[in-house]
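Okay, model-v1.cif now, which holds mmCIF, C-alpha atoms:
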```cif
data_query
loop_
_atom_site.label_atom_id
_atom_site.label_comp_id
_atom_site.auth_asym_id
_atom_site.auth_seq_id
_atom_site.Cartn_x
_atom_site.Cartn_y
_atom_site.Cartn_z
CA MET A 145 84.72 67.74 98.30
CA GLU A 146 81.29 66.24 99.05
CA PHE A 147 79.37 66.88 102.26
CA LYS A 148 78.95 63.80 104.47
CA ASP A 149 75.68 63.29 106.32
CA TYR A 150 76.84 61.50 109.45
CA TYR A 151 73.25 60.97 110.63
CA LYS A 152 72.39 59.19 107.39
CA ILE A 153 75.55 57.06 107.63
CA LEU A 154 74.49 55.80 111.08
CA GLY A 155 70.82 55.64 110.13
CA VAL A 156 69.58 57.89 112.94
CA GLU A 157 67.49 61.06 113.09
CA ARG A 158 69.09 64.44 113.69
CA ASN A 159 67.46 64.61 117.14
CA ALA A 160 68.86 61.20 118.15
CA THR A 161 70.01 60.79 121.73
CA GLU A 162 73.45 59.60 122.81
CA ASP A 163 72.00 56.12 123.44
CA ASP A 164 70.42 56.05 119.96
CA ILE A 165 73.77 56.84 118.38
CA LYS A 166 75.60 54.31 120.53
CA ARG A 167 73.16 51.51 119.60
CA ALA A 168 73.27 52.36 115.88
CA TYR A 169 77.06 52.46 115.83
CA ARG A 170 77.46 49.13 117.65
CA LYS A 171 75.04 47.40 115.29
CA LEU A 172 76.70 48.74 112.14
CA ALA A 173 80.22 48.19 113.47
CA ARG A 174 79.43 44.52 114.07
CA THR A 175 77.96 44.21 110.58
CA TYR A 176 80.85 45.82 108.69
CA HIS A 177 83.84 44.93 110.86
CA PRO A 178 86.54 43.70 108.44
CA ASP A 179 87.26 40.66 110.67
CA ILE A 180 83.66 39.54 110.13
CA ASN A 181 82.57 41.00 106.80
CA LYS A 182 84.85 40.05 103.90
CA GLU A 183 82.76 41.73 101.18
CA ALA A 184 84.34 44.38 98.99
CA GLY A 185 83.86 47.81 100.48
CA ALA A 186 83.16 46.58 104.01
CA GLU A 187 86.38 48.03 105.44
CA ALA A 188 85.71 51.44 103.86
CA LYS A 189 82.17 51.37 105.23
CA PHE A 190 83.50 50.44 108.67
CA LYS A 191 85.84 53.44 108.65
CA GLU A 192 83.01 55.74 107.53
CA ILE A 193 80.83 54.47 110.37
CA GLY A 194 83.65 55.08 112.84
CA GLU A 195 84.12 58.62 111.54
CA ALA A 196 80.40 59.39 111.90
CA ASN A 197 80.38 57.98 115.41
CA ASP A 198 83.48 59.99 116.39
CA VAL A 199 81.57 63.18 115.58
CA LEU A 200 78.03 62.37 116.68
CA SER A 201 79.02 60.71 119.97
CA ASN A 202 81.00 63.83 120.95
CA PRO A 203 78.68 66.66 122.08
CA GLU A 204 81.22 69.33 121.12
CA LYS A 205 81.92 68.03 117.63
CA ARG A 206 78.26 67.22 117.08
CA ALA A 207 77.11 70.74 117.98
CA ALA A 208 79.70 72.27 115.66
CA TYR A 209 78.82 69.82 112.85
CA ASP A 210 75.11 70.60 113.24
CA GLN A 211 75.80 74.33 113.03
CA LEU A 212 78.02 73.99 109.97
CA GLY A 213 75.98 71.38 108.12
CA LYS A 214 72.44 72.61 108.63
CA ASP A 215 72.23 73.94 105.05
CA TYR A 216 73.87 70.96 103.31
CA GLN A 217 72.72 67.55 102.15
CA ALA A 218 74.76 64.43 101.51
CA GLY A 219 76.76 64.64 98.28
CA GLN A 220 76.57 68.42 97.91
CA ASP A 221 79.77 70.28 97.11
CA PHE A 222 81.20 71.48 100.41
CA ARG A 223 83.90 73.90 101.56
CA PRO A 224 83.95 75.03 105.20
CA PRO A 225 83.88 78.85 105.39
CA PRO A 226 86.81 80.61 107.12
CA ASN A 227 86.58 80.70 110.91
CA TRP A 228 83.35 78.71 110.85
CA ASP A 229 84.08 77.39 114.35
CA ALA A 230 84.67 80.79 115.99
CA GLY A 231 82.89 81.00 119.34
CA PHE A 232 82.64 77.24 119.98
CA GLU A 233 84.29 76.10 123.19
CA PHE A 234 86.06 72.74 122.98
CA SER A 235 87.69 70.72 125.72
CA GLY A 236 91.04 68.97 125.45
CA ARG A 237 93.77 69.48 122.89
CA PRO A 238 93.33 69.49 119.10
CA GLY A 239 92.33 66.09 117.78
CA GLN A 240 94.33 64.08 115.26
CA GLY A 241 91.81 61.63 113.85
CA GLU A 242 92.81 59.55 110.81
CA PHE A 243 89.59 60.09 108.91
CA SER A 244 88.42 61.44 105.56
CA ASP A 245 89.40 64.73 103.94
CA PHE A 246 85.90 65.95 104.78
CA PHE A 247 86.49 65.27 108.47
CA GLU A 248 89.96 66.83 108.39
CA SER A 249 88.64 69.97 106.66
CA ILE A 250 86.32 70.53 109.63
CA PHE A 251 88.11 69.17 112.68
CA GLY A 252 91.63 68.24 111.60
CA ALA A 253 93.54 71.34 112.70
CA ALA A 254 91.09 72.92 115.02
CA ARG A 255 89.26 70.89 117.47
CA ALA A 256 89.24 68.57 120.31
CA GLN A 257 88.75 65.00 121.29
CA ARG A 258 86.13 64.26 123.83
CA PRO A 259 87.57 63.82 127.31
CA GLY A 260 87.45 60.25 128.56
CA HIS A 261 85.92 59.12 131.81
CA THR A 262 88.44 58.42 134.55
CA GLN A 263 87.72 56.07 137.42
CA THR A 264 89.20 57.58 140.57
CA HIS A 265 89.16 57.15 144.31
CA ALA A 266 87.63 59.90 146.39
CA THR A 267 91.08 61.02 147.53
CA PHE A 268 92.46 61.28 143.98
CA ARG A 269 93.03 64.87 142.82
CA MET A 270 93.40 65.83 139.21
CA ARG A 271 93.59 69.16 137.44
CA GLY A 272 90.64 69.87 135.16
CA GLU A 273 90.99 69.72 131.41
CA ASP A 274 91.87 72.85 129.42
CA HIS A 275 89.32 74.27 126.99
CA HIS A 276 89.94 76.03 123.68
CA ALA A 277 87.92 78.45 121.56
CA LYS A 278 88.54 80.75 118.61
CA ILE A 279 87.37 84.37 118.82
CA ILE A 280 87.19 87.06 116.13
CA VAL A 281 88.30 90.56 117.11
CA ASP A 282 88.89 93.86 115.33
CA LEU A 283 92.43 94.68 114.24
CA GLN A 284 92.08 97.93 116.17
CA ASP A 285 91.78 95.91 119.39
CA ALA A 286 95.27 94.51 118.77
CA LEU A 287 96.64 97.95 117.87
CA ASP A 288 95.30 99.71 120.96
CA GLY A 289 94.34 96.95 123.42
CA ALA A 290 90.72 96.58 124.49
CA THR A 291 88.29 95.02 126.95
CA ARG A 292 85.56 93.04 125.21
CA THR A 293 82.60 90.90 126.26
CA ILE A 294 82.50 87.72 124.21
CA THR A 295 79.92 84.96 124.02
CA LEU A 296 80.99 81.36 123.53
CA ARG A 297 78.76 78.42 122.61
CA VAL A 298 79.26 75.52 124.98
CA PRO A 299 77.75 72.13 123.99
CA GLU A 300 76.12 70.12 126.80
CA VAL A 301 74.08 66.91 127.05
CA ASP A 302 70.72 67.12 128.83
CA ASP A 303 69.18 64.40 130.99
CA GLY A 304 67.48 62.92 127.92
CA GLY A 305 70.76 62.49 126.06
CA HIS A 306 70.22 65.36 123.61
CA VAL A 307 72.95 67.85 122.75
CA LEU A 308 72.17 71.45 123.69
CA VAL A 309 74.27 74.59 123.22
CA ARG A 310 74.56 77.00 126.14
CA ASP A 311 75.81 80.57 125.75
CA LYS A 312 78.66 81.59 128.04
CA SER A 313 79.61 85.28 128.34
CA LEU A 314 83.07 86.39 129.45
CA THR A 315 84.85 89.72 129.78
CA VAL A 316 88.22 89.47 128.07
CA GLN A 317 91.21 91.80 128.01
CA ILE A 318 92.68 91.93 124.50
CA PRO A 319 96.36 92.83 125.01
CA LYS A 320 97.93 95.51 122.85
CA GLY A 321 100.20 93.91 120.28
CA VAL A 322 98.52 90.50 120.15
CA THR A 323 98.89 88.81 116.77
CA GLU A 324 96.62 86.46 114.87
CA GLY A 325 97.00 82.88 116.05
CA GLN A 326 98.15 83.80 119.55
CA SER A 327 96.07 82.60 122.50
CA ILE A 328 94.83 84.44 125.56
CA ARG A 329 94.80 82.28 128.70
CA LEU A 330 91.89 82.61 131.13
CA LYS A 331 92.95 80.80 134.27
CA GLY A 332 90.42 78.44 135.85
CA GLN A 333 87.83 78.78 133.06
CA GLY A 334 88.25 75.22 131.78
CA SER A 335 86.79 71.98 133.17
CA PRO A 336 86.44 71.63 136.96
CA GLY A 337 89.10 69.59 138.71
CA ILE A 338 88.53 66.10 140.10
CA GLY A 339 88.66 65.40 143.82
CA GLY A 340 89.21 69.05 144.67
CA GLY A 341 91.92 69.54 142.04
CA PRO A 342 92.27 72.94 140.32
CA ALA A 343 90.15 73.79 137.30
CA GLY A 344 91.68 73.79 133.83
CA ASP A 345 92.25 76.93 131.81
CA LEU A 346 90.48 78.38 128.77
CA TYR A 347 92.63 79.39 125.81
CA LEU A 348 91.15 81.87 123.34
CA GLU A 349 92.79 81.79 119.93
CA ILE A 350 92.81 85.21 118.26
CA ARG A 351 91.57 85.78 114.71
CA PHE A 352 91.06 89.20 113.10
CA LYS A 353 88.00 90.44 111.26
CA PRO A 354 88.82 91.66 107.73
CA ASP A 355 89.90 95.30 108.06
CA SER A 356 88.72 98.00 105.67
CA VAL A 357 92.20 99.59 105.47
CA TYR A 358 94.96 97.11 106.32
CA ARG A 359 95.83 93.53 105.44
CA VAL A 360 97.59 91.58 108.17
CA VAL A 361 100.53 89.23 107.63
CA GLY A 362 101.94 88.13 110.99
CA LYS A 363 102.97 91.36 112.74
CA ASP A 364 103.10 93.37 109.51
CA LEU A 365 100.38 95.50 107.94
CA TYR A 366 99.88 96.15 104.23
CA PHE A 367 98.08 99.16 102.79
CA ASP A 368 97.23 99.98 99.15
CA LEU A 369 98.43 103.54 98.48
CA PRO A 370 96.98 105.18 95.34
CA ILE A 371 99.42 107.47 93.51
CA ALA A 372 99.28 109.42 90.26
CA PRO A 373 101.40 108.36 87.26
CA TRP A 374 103.58 111.46 87.52
CA GLU A 375 104.20 110.79 91.21
CA ALA A 376 105.41 107.32 90.32
CA ALA A 377 107.55 108.52 87.40
CA LEU A 378 109.05 111.67 88.93
CA GLY A 379 108.94 110.87 92.65
CA ALA A 380 106.90 112.72 95.27
CA SER A 381 106.09 113.06 98.95
CA VAL A 382 102.51 112.01 99.69
CA LYS A 383 100.41 111.76 102.82
CA MET A 384 99.41 108.27 103.92
CA PRO A 385 97.61 106.85 106.96
CA THR A 386 99.23 104.68 109.63
CA PRO A 387 97.66 103.21 112.79
CA ALA A 388 99.38 106.00 114.79
CA GLY A 389 98.32 108.84 112.46
CA ALA A 390 99.12 110.23 109.01
CA ILE A 391 102.72 110.60 107.83
CA MET A 392 104.48 111.87 104.70
CA LEU A 393 105.93 109.06 102.58
CA LYS A 394 108.62 109.62 99.98
CA ILE A 395 107.91 107.95 96.62
CA PRO A 396 111.20 107.23 94.78
CA PRO A 397 111.35 108.29 91.09
CA GLY A 398 110.59 105.47 88.68
CA SER A 399 108.42 103.51 91.11
CA ALA A 400 106.39 100.72 89.53
CA HIS A 401 102.83 99.62 90.22
CA GLY A 402 102.85 97.12 93.11
CA ARG A 403 106.13 98.29 94.62
CA GLU A 404 106.19 97.90 98.42
CA LEU A 405 107.64 100.70 100.55
CA ARG A 406 108.38 99.78 104.16
CA VAL A 407 107.61 102.06 107.10
CA LYS A 408 109.56 100.46 109.92
CA GLY A 409 107.83 99.78 113.25
CA ARG A 410 104.38 100.99 112.19
CA GLY A 411 102.73 97.56 112.12
CA ILE A 412 101.20 95.70 115.07
CA PRO A 413 102.92 96.95 118.27
CA ALA A 414 104.22 93.53 119.29
CA THR A 415 107.69 92.95 120.78
CA PRO A 416 109.43 93.75 118.49
CA PRO A 417 106.80 95.67 116.49
CA GLY A 418 105.84 94.79 112.96
CA ASP A 419 106.26 97.02 109.92
CA LEU A 420 103.79 98.82 107.67
CA TYR A 421 104.09 98.32 103.92
CA ALA A 422 102.63 100.81 101.46
CA VAL A 423 101.80 98.94 98.24
CA LEU A 424 101.84 101.47 95.38
CA LYS A 425 98.79 101.46 93.12
CA ILE A 426 99.16 103.75 90.11
CA VAL A 427 95.81 105.32 89.27
CA TRP A 428 95.41 106.93 85.85
CA PRO A 429 93.09 109.90 85.32
CA PRO A 430 90.14 109.09 83.05
CA ALA A 431 90.13 110.51 79.52
CA ASN A 432 86.62 111.82 80.00
CA ASN A 433 86.97 115.31 78.46
CA GLU A 434 88.68 116.97 75.52
CA LYS A 435 91.61 118.32 77.52
CA ALA A 436 92.35 114.95 79.12
CA ARG A 437 92.17 113.17 75.77
CA HIS A 438 94.56 115.73 74.27
CA VAL A 439 97.10 115.08 77.04
CA TYR A 440 96.96 111.34 76.39
CA GLU A 441 97.29 111.88 72.64
CA GLU A 442 100.39 114.02 73.21
CA MET A 443 101.86 111.36 75.50
CA ALA A 444 101.28 108.72 72.82
CA LYS A 445 103.16 110.85 70.25
CA GLU A 446 105.98 112.22 72.37
CA LEU A 447 106.91 109.28 74.58
CA ALA A 448 107.00 106.54 71.93
CA PHE A 449 106.36 104.02 74.68
CA ASP A 450 105.53 100.40 73.87
CA PRO A 451 104.52 98.43 76.99
CA ARG A 452 104.64 95.15 74.97
CA ALA A 453 108.13 95.62 73.57
CA GLY A 454 109.56 92.78 75.66
CA LEU A 455 107.05 90.17 74.46
CA GLY A 456 108.89 89.47 71.22
CA ILE A 457 105.79 89.77 69.06
#
```
Would you write the structure of this file as structure tokens?
Amino acid sequence: MEFKDYYKILGVERNATEDDIKRAYRKLARTYHPDINKEAGAEAKFKEIGEANDVLSNPEKRAAYDQLGKDYQAGQDFRPPPNWDAGFEFSGRPGQGEFSDFFESIFGAARAQRPGHTQTHATFRMRGEDHHAKIIVDLQDALDGATRTITLRVPEVDDGGHVLVRDKSLTVQIPKGVTEGQSIRLKGQGSPGIGGGPAGDLYLEIRFKPDSVYRVVGKDLYFDLPIAPWEAALGASVKMPTPAGAIMLKIPPGSAHGRELRVKGRGIPATPPGDLYAVLKIVWPPANNEKARHVYEEMAKELAFDPRAGLGI
């Protein structure tokens, strides 16, 4: 996928004001509108202009696009990194724009449409809009619960029409047992209400940092457990870690590399709790001395084992 330079598409500088973007879009939209311009490619150009305007006329999308695209140029190969938008606060609900794959890869599943302006009478009361943001936490916070101070980046427009990003710090209670993709609701932390109406809420979507020990799948945890070849072949009881402390795990005789052994209820302590899976990894001793080489030579003679026997060659 190629990176799209929305500023170049609209023909404006990266420090363009809202009015600059509005004027450039209106001029280009008139030029390439398919009802006016019947040339080949005009409709595609019109859609591209609309896509660029959708992003650059929205302070929230524009701030996120600027952060993500600062190291790219038009036409460069582009893949958005995982959780690139963590920490950005967006208003409204997730957008559903019918734009390019490039646009969808950035905003399609994650982020919001700009709230519209509502004409109201002074006596009209309306609840403020909800905001959304993604935050990255440690897996241990979900296992134990924690109180964390987070900083969100909130896009704003200054008096000159330029987009600025303000830091907003919040103290957040991470509940024990929260899973990835769940949201924490902070009441009244969204947009202010209109006409004295209540403020909207802020929803923080949880994502986990990569953990050095466990892999997370929903409520379940996976752990690579190294075992010796004889433990796999003959069976054994070995010590293994769990989030609640070490336990003894029984390895059945004849266990294969990659076999998953379930430890019920030792995953994320949700309701009901997840499970912990020990993924067996058979580790062979190196043949780095005479005695070790002799053992392997004896195995080769005595066991008559052919690991490729089923290949039919």
Given the file shown, determine the residues that the PyMOL selection byres ((chain A and resi 301) around 10) selects; report them as number ranges by chain.
-> A: 161-162, 202-204, 299-300, 302-309
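Applied to the file shown here, the PyMOL selection byres ((chain A and resi 282) around 8) selects the residues A:Ile280, A:Val281, A:Leu283, A:Gln284, A:Asp285, A:Ala286, A:Phe352, A:Lys353, A:Pro354, A:Asp355.
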All file atoms of range 227-231 of chain A boxed axis-aligned, 4 Å per side, centre plus edges, as JSON:
```
{"center_x": 84.7, "center_y": 79.2, "center_z": 115.1, "size_x": 11.7, "size_y": 11.6, "size_z": 16.5}
```
As a check of understanding: the span from CA of Glu192 in chain A to CA of Asp245 in chain A is 11.6 Å
Give as a PyMOL selection string the residues that the PyMOL selection byres ((chain A and resi 318) around 12) matches when applied to the coordinates above.
-> chain A and resi 279-294+315-317+319-324+326-330+348-352
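Using all atoms listed in the file, the shortest contact distance between Gly334 in chain A and any of A:Ala422, A:Gly411, A:Arg406, A:Ser235 is found at A:Ser235.
The space between CA of Lys171 in chain A and CA of Ala208 in chain A spans 25.3 Å.
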Might you pull out every residue within 8 Å of Arg271 in chain A, with only C-alpha atoms counted and same-chain residues fewer than 3 positions away left off, and present them as a short mmCIF file (atom, residue, chain, number, x, y, z; two decimals) with C-alpha atoms, in the frame of the given file?
```cif
data_model
loop_
_atom_site.label_atom_id
_atom_site.label_comp_id
_atom_site.auth_asym_id
_atom_site.auth_seq_id
_atom_site.Cartn_x
_atom_site.Cartn_y
_atom_site.Cartn_z
CA PRO A 336 86.44 71.63 136.96
CA GLY A 337 89.10 69.59 138.71
CA ILE A 338 88.53 66.10 140.10
CA GLY A 341 91.92 69.54 142.04
CA PRO A 342 92.27 72.94 140.32
CA ALA A 343 90.15 73.79 137.30
CA GLY A 344 91.68 73.79 133.83
#
```
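For the set A:Arg452, A:Arg223, A:Lys425, A:Arg297, the residue with the smallest atom-to-atom gap to Ser399 in chain A is A:Lys425, counting only C-alpha atoms.
In this model, the gap between CA of Asp345 in chain A and CA of Ala277 in chain A comes to 11.2 Å.
Around Trp228 in chain A, within 10 Å and counting all atoms listed in the file, the residues found are Ala208, Gln211, Leu212, Pro224, Phe232, Ile250 and Lys278 of chain A, once anything fewer than 4 positions away on its own chain is removed.
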Long-range neighbours of Ala380 in chain A as a count of residues only, 6 Å cut-off, only C-alpha atoms, 2 positions minimum in chain = 3
Of the candidates A:Gly409, A:Gly325, A:Gly402, A:Gly362, which shows the shortest atom-to-atom distance to Thr386 in chain A, using all atoms listed in the file?
-> A:Gly409
Skipping near chain neighbours, those fewer than 6 positions away, what residues fall within 7 Å of Phe190 in chain A using only C-alpha atoms, listed as a list in words?
-> Ala173, Tyr176 and His177 of chain A
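Look at Tyr209 in chain A: the protein and nucleic acid residues within 10 Å of it, using all atoms listed in the file and passing over chain neighbours fewer than 5 places away, are A:Asp149, A:Tyr150, A:Val199, A:Leu200, A:Pro203, A:Glu204, A:Lys214, A:Asp229, A:Phe247, A:Ile250, A:Phe251.
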Using only C-alpha atoms, which of A:Ala168, A:Ala448, A:Ala218, A:Ala186 sits nearest Phe147 in chain A?
-> A:Ala218
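Of the residues listed (A:Leu420, A:Phe449, A:Ser201, A:Glu146), A:Ser201 shows the shortest atom-to-atom separation from Asp164 in chain A; distances use all atoms listed in the file.
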